[in-house]
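Q: PDB, C-alpha atoms, pLDDT in the B column, saved as input.pdb, coming up:
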```
ATOM      1  CA  MET S   1     -37.477   0.859 -14.470  1.00 35.00           C
ATOM      2  CA  SER S   2     -34.032   2.379 -14.051  1.00 37.00           C
ATOM      3  CA  ARG S   3     -31.040   0.477 -12.786  1.00 39.00           C
ATOM      4  CA  SER S   4     -29.911   1.128  -9.207  1.00 42.00           C
ATOM      5  CA  PRO S   5     -26.643   3.077  -8.981  1.00 46.00           C
ATOM      6  CA  ALA S   6     -25.244   0.208  -6.884  1.00 44.00           C
ATOM      7  CA  VAL S   7     -25.655  -2.273  -9.741  1.00 46.00           C
ATOM      8  CA  PRO S   8     -22.472  -2.554 -11.781  1.00 46.00           C
ATOM      9  CA  GLY S   9     -22.565  -1.891 -15.481  1.00 62.00           C
ATOM     10  CA  GLY S  10     -18.955  -2.344 -16.593  1.00 92.00           C
ATOM     11  CA  THR S  11     -16.397  -3.748 -14.190  1.00 96.00           C
ATOM     12  CA  LEU S  12     -16.762  -5.290 -10.752  1.00 96.00           C
ATOM     13  CA  VAL S  13     -13.663  -4.758  -8.610  1.00 97.00           C
ATOM     14  CA  ARG S  14     -12.920  -6.792  -5.485  1.00 96.00           C
ATOM     15  CA  ASP S  15     -10.647  -5.756  -2.648  1.00 95.00           C
ATOM     16  CA  SER S  16      -8.984  -8.217  -0.276  1.00 94.00           C
ATOM     17  CA  GLU S  17     -12.177  -8.677   1.735  1.00 93.00           C
ATOM     18  CA  GLY S  18     -14.061  -9.363  -1.499  1.00 91.00           C
ATOM     19  CA  LEU S  19     -11.526 -12.056  -2.347  1.00 92.00           C
ATOM     20  CA  ALA S  20     -11.528 -13.513   1.161  1.00 92.00           C
ATOM     21  CA  LYS S  21     -15.330 -13.630   1.304  1.00 90.00           C
ATOM     22  CA  ALA S  22     -15.508 -15.269  -2.125  1.00 84.00           C
ATOM     23  CA  ALA S  23     -13.314 -18.031  -0.717  1.00 83.00           C
ATOM     24  CA  LEU S  24     -15.790 -18.645   2.157  1.00 86.00           C
ATOM     25  CA  PRO S  25     -18.266 -18.224   0.206  1.00 79.00           C
ATOM     26  CA  ASP S  26     -20.183 -15.173   1.459  1.00 87.00           C
ATOM     27  CA  ARG S  27     -23.782 -14.698   0.271  1.00 92.00           C
ATOM     28  CA  THR S  28     -23.413 -11.004  -0.559  1.00 90.00           C
ATOM     29  CA  VAL S  29     -20.226 -11.488  -2.567  1.00 90.00           C
ATOM     30  CA  THR S  30     -21.685 -14.587  -4.233  1.00 89.00           C
ATOM     31  CA  ALA S  31     -24.742 -12.536  -5.292  1.00 92.00           C
ATOM     32  CA  TRP S  32     -22.527  -9.811  -6.798  1.00 90.00           C
ATOM     33  CA  LEU S  33     -20.506 -12.423  -8.672  1.00 90.00           C
ATOM     34  CA  ALA S  34     -23.699 -14.012 -10.004  1.00 91.00           C
ATOM     35  CA  LEU S  35     -24.857 -10.579 -11.191  1.00 90.00           C
ATOM     36  CA  ALA S  36     -21.486 -10.033 -12.860  1.00 91.00           C
ATOM     37  CA  ARG S  37     -21.790 -13.372 -14.690  1.00 88.00           C
ATOM     38  CA  THR S  38     -25.360 -12.611 -15.754  1.00 89.00           C
ATOM     39  CA  ASP S  39     -24.416  -9.163 -17.054  1.00 88.00           C
ATOM     40  CA  ASP S  40     -21.166 -10.450 -18.594  1.00 86.00           C
ATOM     41  CA  LEU S  41     -19.077  -8.004 -16.570  1.00 92.00           C
ATOM     42  CA  ARG S  42     -15.331  -8.064 -16.067  1.00 94.00           C
ATOM     43  CA  VAL S  43     -14.435  -9.040 -12.503  1.00 95.00           C
ATOM     44  CA  ILE S  44     -11.023  -7.778 -11.488  1.00 96.00           C
ATOM     45  CA  THR S  45      -8.661  -7.068  -8.630  1.00 97.00           C
ATOM     46  CA  SER S  46      -5.234  -5.527  -8.318  1.00 97.00           C
ATOM     47  CA  ALA S  47      -2.124  -7.671  -8.022  1.00 96.00           C
ATOM     48  CA  ALA S  48      -1.397  -5.662  -4.856  1.00 96.00           C
ATOM     49  CA  THR S  49      -4.604  -7.054  -3.348  1.00 95.00           C
ATOM     50  CA  LEU S  50      -3.187 -10.580  -3.545  1.00 93.00           C
ATOM     51  CA  VAL S  51      -0.494  -9.521  -1.065  1.00 92.00           C
ATOM     52  CA  GLU S  52      -3.092  -8.130   1.334  1.00 93.00           C
ATOM     53  CA  VAL S  53      -5.514 -11.075   1.223  1.00 94.00           C
ATOM     54  CA  VAL S  54      -3.072 -13.797   2.261  1.00 90.00           C
ATOM     55  CA  HIS S  55      -2.949 -14.270   6.028  1.00 88.00           C
ATOM     56  CA  PRO S  56      -2.837 -17.284   8.376  1.00 88.00           C
ATOM     57  CA  GLN S  57      -6.654 -17.604   8.614  1.00 87.00           C
ATOM     58  CA  ILE S  58      -7.364 -17.542   4.866  1.00 90.00           C
ATOM     59  CA  ASN S  59      -8.412 -20.798   3.250  1.00 89.00           C
ATOM     60  CA  ARG S  60      -5.675 -20.888   0.610  1.00 91.00           C
ATOM     61  CA  PRO S  61      -7.186 -23.708  -1.506  1.00 93.00           C
ATOM     62  CA  ALA S  62     -10.546 -21.881  -1.615  1.00 91.00           C
ATOM     63  CA  LEU S  63      -8.794 -18.614  -2.483  1.00 92.00           C
ATOM     64  CA  GLU S  64      -6.814 -20.303  -5.252  1.00 92.00           C
ATOM     65  CA  GLY S  65     -10.091 -21.748  -6.552  1.00 90.00           C
ATOM     66  CA  ALA S  66     -11.673 -18.280  -6.654  1.00 88.00           C
ATOM     67  CA  LEU S  67      -8.786 -16.566  -8.471  1.00 91.00           C
ATOM     68  CA  PRO S  68      -9.362 -18.085 -11.934  1.00 91.00           C
ATOM     69  CA  ARG S  69     -12.801 -16.438 -11.997  1.00 88.00           C
ATOM     70  CA  LEU S  70     -11.330 -12.938 -12.104  1.00 93.00           C
ATOM     71  CA  VAL S  71      -8.658 -10.927 -13.847  1.00 96.00           C
ATOM     72  CA  VAL S  72      -5.698  -9.929 -11.697  1.00 96.00           C
ATOM     73  CA  GLU S  73      -4.544  -6.598 -13.093  1.00 97.00           C
ATOM     74  CA  PRO S  74      -0.839  -5.753 -12.748  1.00 97.00           C
ATOM     75  CA  VAL S  75       0.425  -2.731 -10.854  1.00 97.00           C
ATOM     76  CA  THR S  76       2.162  -0.956 -13.696  1.00 98.00           C
ATOM     77  CA  GLU S  77       4.054   2.316 -13.520  1.00 98.00           C
ATOM     78  CA  PRO S  78       1.010   4.283 -14.808  1.00 98.00           C
ATOM     79  CA  ILE S  79      -1.211   2.625 -12.183  1.00 98.00           C
ATOM     80  CA  GLY S  80       1.379   3.409  -9.494  1.00 98.00           C
ATOM     81  CA  ARG S  81       1.587   7.038 -10.593  1.00 98.00           C
ATOM     82  CA  HIS S  82      -2.207   7.313 -10.710  1.00 98.00           C
ATOM     83  CA  ALA S  83      -2.460   5.752  -7.220  1.00 98.00           C
ATOM     84  CA  ALA S  84       0.045   8.307  -5.910  1.00 97.00           C
ATOM     85  CA  ALA S  85      -2.000  11.112  -7.485  1.00 98.00           C
ATOM     86  CA  LEU S  86      -5.207   9.755  -5.930  1.00 98.00           C
ATOM     87  CA  LEU S  87      -3.522   9.739  -2.520  1.00 97.00           C
ATOM     88  CA  ALA S  88      -2.299  13.312  -2.975  1.00 97.00           C
ATOM     89  CA  ASP S  89      -5.704  14.517  -4.195  1.00 97.00           C
ATOM     90  CA  ALA S  90      -7.385  12.944  -1.147  1.00 96.00           C
ATOM     91  CA  GLY S  91      -4.778  14.352   1.239  1.00 96.00           C
ATOM     92  CA  LEU S  92      -3.700  10.838   2.233  1.00 94.00           C
ATOM     93  CA  HIS S  93      -0.328   9.141   2.312  1.00 90.00           C
ATOM     94  CA  GLY S  94       1.552   6.166   3.619  1.00 87.00           C
ATOM     95  CA  HIS S  95       1.263   2.418   3.617  1.00 90.00           C
ATOM     96  CA  LYS S  96      -2.127   2.484   5.382  1.00 92.00           C
ATOM     97  CA  TYR S  97      -3.754   3.663   2.147  1.00 96.00           C
ATOM     98  CA  ALA S  98      -1.325   2.362  -0.484  1.00 96.00           C
ATOM     99  CA  ILE S  99      -3.131  -0.855  -1.445  1.00 96.00           C
ATOM    100  CA  ASP S 100      -6.529   0.877  -1.502  1.00 97.00           C
ATOM    101  CA  ALA S 101      -4.991   3.540  -3.753  1.00 98.00           C
ATOM    102  CA  MET S 102      -3.598   0.904  -6.145  1.00 98.00           C
ATOM    103  CA  LEU S 103      -6.968  -0.881  -6.194  1.00 98.00           C
ATOM    104  CA  SER S 104      -8.761   2.430  -6.821  1.00 98.00           C
ATOM    105  CA  ALA S 105      -6.394   3.360  -9.661  1.00 98.00           C
ATOM    106  CA  THR S 106      -6.935  -0.091 -11.155  1.00 98.00           C
ATOM    107  CA  ALA S 107     -10.712   0.333 -10.917  1.00 98.00           C
ATOM    108  CA  LEU S 108     -10.636   3.765 -12.515  1.00 98.00           C
ATOM    109  CA  ALA S 109      -8.514   2.451 -15.405  1.00 97.00           C
ATOM    110  CA  ALA S 110     -10.986  -0.377 -16.105  1.00 96.00           C
ATOM    111  CA  PRO S 111     -13.902  -0.156 -18.546  1.00 93.00           C
ATOM    112  CA  GLY S 112     -16.592   1.717 -16.662  1.00 92.00           C
ATOM    113  CA  PRO S 113     -18.610   2.177 -14.857  1.00 93.00           C
ATOM    114  CA  ALA S 114     -16.667   0.531 -12.054  1.00 95.00           C
ATOM    115  CA  THR S 115     -18.210  -0.870  -8.889  1.00 95.00           C
ATOM    116  CA  ILE S 116     -15.821  -1.632  -6.053  1.00 97.00           C
ATOM    117  CA  LEU S 117     -16.685  -4.186  -3.371  1.00 96.00           C
ATOM    118  CA  THR S 118     -14.641  -3.160  -0.334  1.00 96.00           C
ATOM    119  CA  SER S 119     -14.381  -3.382   3.420  1.00 94.00           C
ATOM    120  CA  ALA S 120     -13.003   0.202   3.468  1.00 93.00           C
ATOM    121  CA  PRO S 121     -15.719   2.221   1.700  1.00 96.00           C
ATOM    122  CA  GLU S 122     -14.782   5.548   3.285  1.00 96.00           C
ATOM    123  CA  ASP S 123     -11.156   5.321   2.135  1.00 96.00           C
ATOM    124  CA  VAL S 124     -11.993   4.073  -1.355  1.00 97.00           C
ATOM    125  CA  THR S 125     -14.691   6.738  -1.780  1.00 97.00           C
ATOM    126  CA  MET S 126     -12.180   9.457  -0.848  1.00 97.00           C
ATOM    127  CA  LEU S 127      -9.667   8.021  -3.304  1.00 98.00           C
ATOM    128  CA  CYS S 128     -12.103   7.610  -6.198  1.00 97.00           C
ATOM    129  CA  GLY S 129     -13.785  10.957  -5.698  1.00 92.00           C
ATOM    130  CA  GLY S 130     -17.185   9.793  -6.923  1.00 91.00           C
ATOM    131  CA  ARG S 131     -15.844   8.232 -10.146  1.00 96.00           C
ATOM    132  CA  ALA S 132     -16.827   4.699  -9.025  1.00 96.00           C
ATOM    133  CA  THR S 133     -19.664   3.119  -7.122  1.00 95.00           C
ATOM    134  CA  VAL S 134     -18.360   1.863  -3.788  1.00 97.00           C
ATOM    135  CA  ILE S 135     -20.170  -0.949  -1.960  1.00 95.00           C
ATOM    136  CA  LYS S 136     -19.337  -1.972   1.601  1.00 95.00           C
ATOM    137  CA  ILE S 137     -19.038  -5.712   2.072  1.00 92.00           C
TER     138      ILE S 137
END
```
Represent the structure from my file as structure tokens, please.
A:
Amino acid sequence: MSRSPAVPGGTLVRDSEGLAKAALPDRTVTAWLALARTDDLRVITSAATLVEVVHPQINRPALEGALPRLVVEPVTEPIGRHAAALLADAGLHGHKYAIDAMLSATALAAPGPATILTSAPEDVTMLCGGRATVIKI
């Protein structure tokens, strides 16, 4: 039996919605995290995502409790340059896509294959150009 293309095999990447839903907890996100633990996968996010996830309705204690279970990757100059290139390649620009571009660059730099849990699958798919599996959550 072959593995579904939606099943991660290297790194599981969470966007702000993936972080927010882990703080709830959400059944779908919880199932992906259980799969990641079972398969001994890296679970990551971008440091830029931390800025996006914090809002007045977020349960900050639950979010803080979820953060130790993942690696927060820094936005380095190479990641920033790669994010800018992803935006240019997709014909996108501006702050509307900036955090998704940084998350996508982070995912593509991680040990692959990368699976990205996101609330913006169309944008992330355009940015990654088929180099990552993108799952809508």
Q: Which residue out of S:Val51, S:Cys128, S:Ala20, S:Leu35 has the minimum interatomic distance to Ala66 in chain S when all atoms listed in the file are used?
A: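 Of all the options, S:Ala20 lies closest to Ala66 in chain S.
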Q: Just so the selection is clear, what residues does the PyMOL selection byres ((chain S and resi 123) around 12) cover here, as a PyMOL selection string?
A: chain S and resi 86-87+90-93+96-101+103-104+116+118-122+124-130+134-136
Q: Between CA of Arg37 in chain S and CA of Thr49 in chain S, measure the distance and give it in Å to one decimal.
A: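 A separation of 21.5 Å between them.
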Q: With only C-alpha atoms as the basis for distance, which of S:Ala110, S:Leu24, S:Ile137, S:Ala105 is at the shortest distance from Arg60 in chain S?
A: S:Leu24
Q: CA of Arg14 in chain S to CA of Ala85 in chain S: how many Å, to one decimal?
A: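 Result for CA of Arg14 in chain S versus CA of Ala85 in chain S: 21.1 Å, one decimal.
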Q: What gap, in Å, lies between CA of Ser46 in chain S and CA of Arg69 in chain S?
A: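 These two atoms are separated by 13.8 Å.
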Q: So which residues fall inside 8 Å of (-11.6, -14.3, -5.6) if we count only C-alpha atoms? Mind giving them as a list in words?
A: Arg14, Gly18, Leu19, Ala20, Lys21, Ala22, Ala23, Leu63, Glu64, Gly65, Ala66, Leu67, Pro68, Arg69 and Leu70 of chain S
Q: Using the chain letters and numbers from this file, what does the PyMOL selection byres ((chain S and resi 79) around 10) select? Give the answer as JSON, numbers by chain.
A: {"S": [46, 73, 74, 75, 76, 77, 78, 80, 81, 82, 83, 84, 85, 101, 102, 103, 104, 105, 106, 107, 108, 109]}
Q: So that all listed atoms of range 85-102 of chain S fit with 5 Å spare on each side, what axis-aligned box centre and edge lengths in Å, to one decimal, would you give as lines of an AutoDock Vina configuration file?
A:
```
center_x = -2.9
center_y = 6.8
center_z = -1.1
size_x = 18.9
size_y = 25.4
size_z = 22.9
```
Q: Restricting the calculation to only C-alpha atoms, which member of S:Val71, S:Ile44, S:Ala88, S:Leu117 is positioned closest to Glu17 in chain S?
A: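 Under the stated criterion, the closest residue is S:Leu117.
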Q: Regenerate range 21-33 of chain S at the level of N, CA and C atoms and dump it as a JSON list (two decimals), in the frame of the given file.
A:
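The resulting part-v5.json:
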```json
[["chain", "number", "residue", "atom", "x", "y", "z"],
["S", 21, "LYS", "N", -13.94, -13.19, 1.16],
["S", 21, "LYS", "CA", -15.33, -13.63, 1.30],
["S", 21, "LYS", "C", -15.77, -14.53, 0.16],
["S", 22, "ALA", "N", -15.20, -14.37, -1.01],
["S", 22, "ALA", "CA", -15.51, -15.27, -2.12],
["S", 22, "ALA", "C", -14.97, -16.66, -1.84],
["S", 23, "ALA", "N", -13.90, -16.73, -1.06],
["S", 23, "ALA", "CA", -13.31, -18.03, -0.72],
["S", 23, "ALA", "C", -14.11, -18.73, 0.37],
["S", 24, "LEU", "N", -15.04, -18.04, 1.05],
["S", 24, "LEU", "CA", -15.79, -18.64, 2.16],
["S", 24, "LEU", "C", -16.89, -19.62, 1.73],
["S", 25, "PRO", "N", -17.83, -19.42, 0.90],
["S", 25, "PRO", "CA", -18.27, -18.22, 0.21],
["S", 25, "PRO", "C", -19.25, -17.40, 1.04],
["S", 26, "ASP", "N", -19.30, -16.13, 0.79],
["S", 26, "ASP", "CA", -20.18, -15.17, 1.46],
["S", 26, "ASP", "C", -21.38, -14.90, 0.54],
["S", 27, "ARG", "N", -22.57, -14.86, 1.09],
["S", 27, "ARG", "CA", -23.78, -14.70, 0.27],
["S", 27, "ARG", "C", -23.80, -13.39, -0.51],
["S", 28, "THR", "N", -23.39, -12.30, 0.13],
["S", 28, "THR", "CA", -23.41, -11.00, -0.56],
["S", 28, "THR", "C", -22.44, -11.00, -1.73],
["S", 29, "VAL", "N", -21.22, -11.45, -1.49],
["S", 29, "VAL", "CA", -20.23, -11.49, -2.57],
["S", 29, "VAL", "C", -20.66, -12.46, -3.65],
["S", 30, "THR", "N", -21.20, -13.61, -3.26],
["S", 30, "THR", "CA", -21.68, -14.59, -4.23],
["S", 30, "THR", "C", -22.78, -13.98, -5.11],
["S", 31, "ALA", "N", -23.67, -13.18, -4.52],
["S", 31, "ALA", "CA", -24.74, -12.54, -5.29],
["S", 31, "ALA", "C", -24.16, -11.54, -6.29],
["S", 32, "TRP", "N", -23.16, -10.76, -5.87],
["S", 32, "TRP", "CA", -22.53, -9.81, -6.80],
["S", 32, "TRP", "C", -21.83, -10.55, -7.94],
["S", 33, "LEU", "N", -21.19, -11.65, -7.62],
["S", 33, "LEU", "CA", -20.51, -12.42, -8.67],
["S", 33, "LEU", "C", -21.51, -13.04, -9.64]]
```
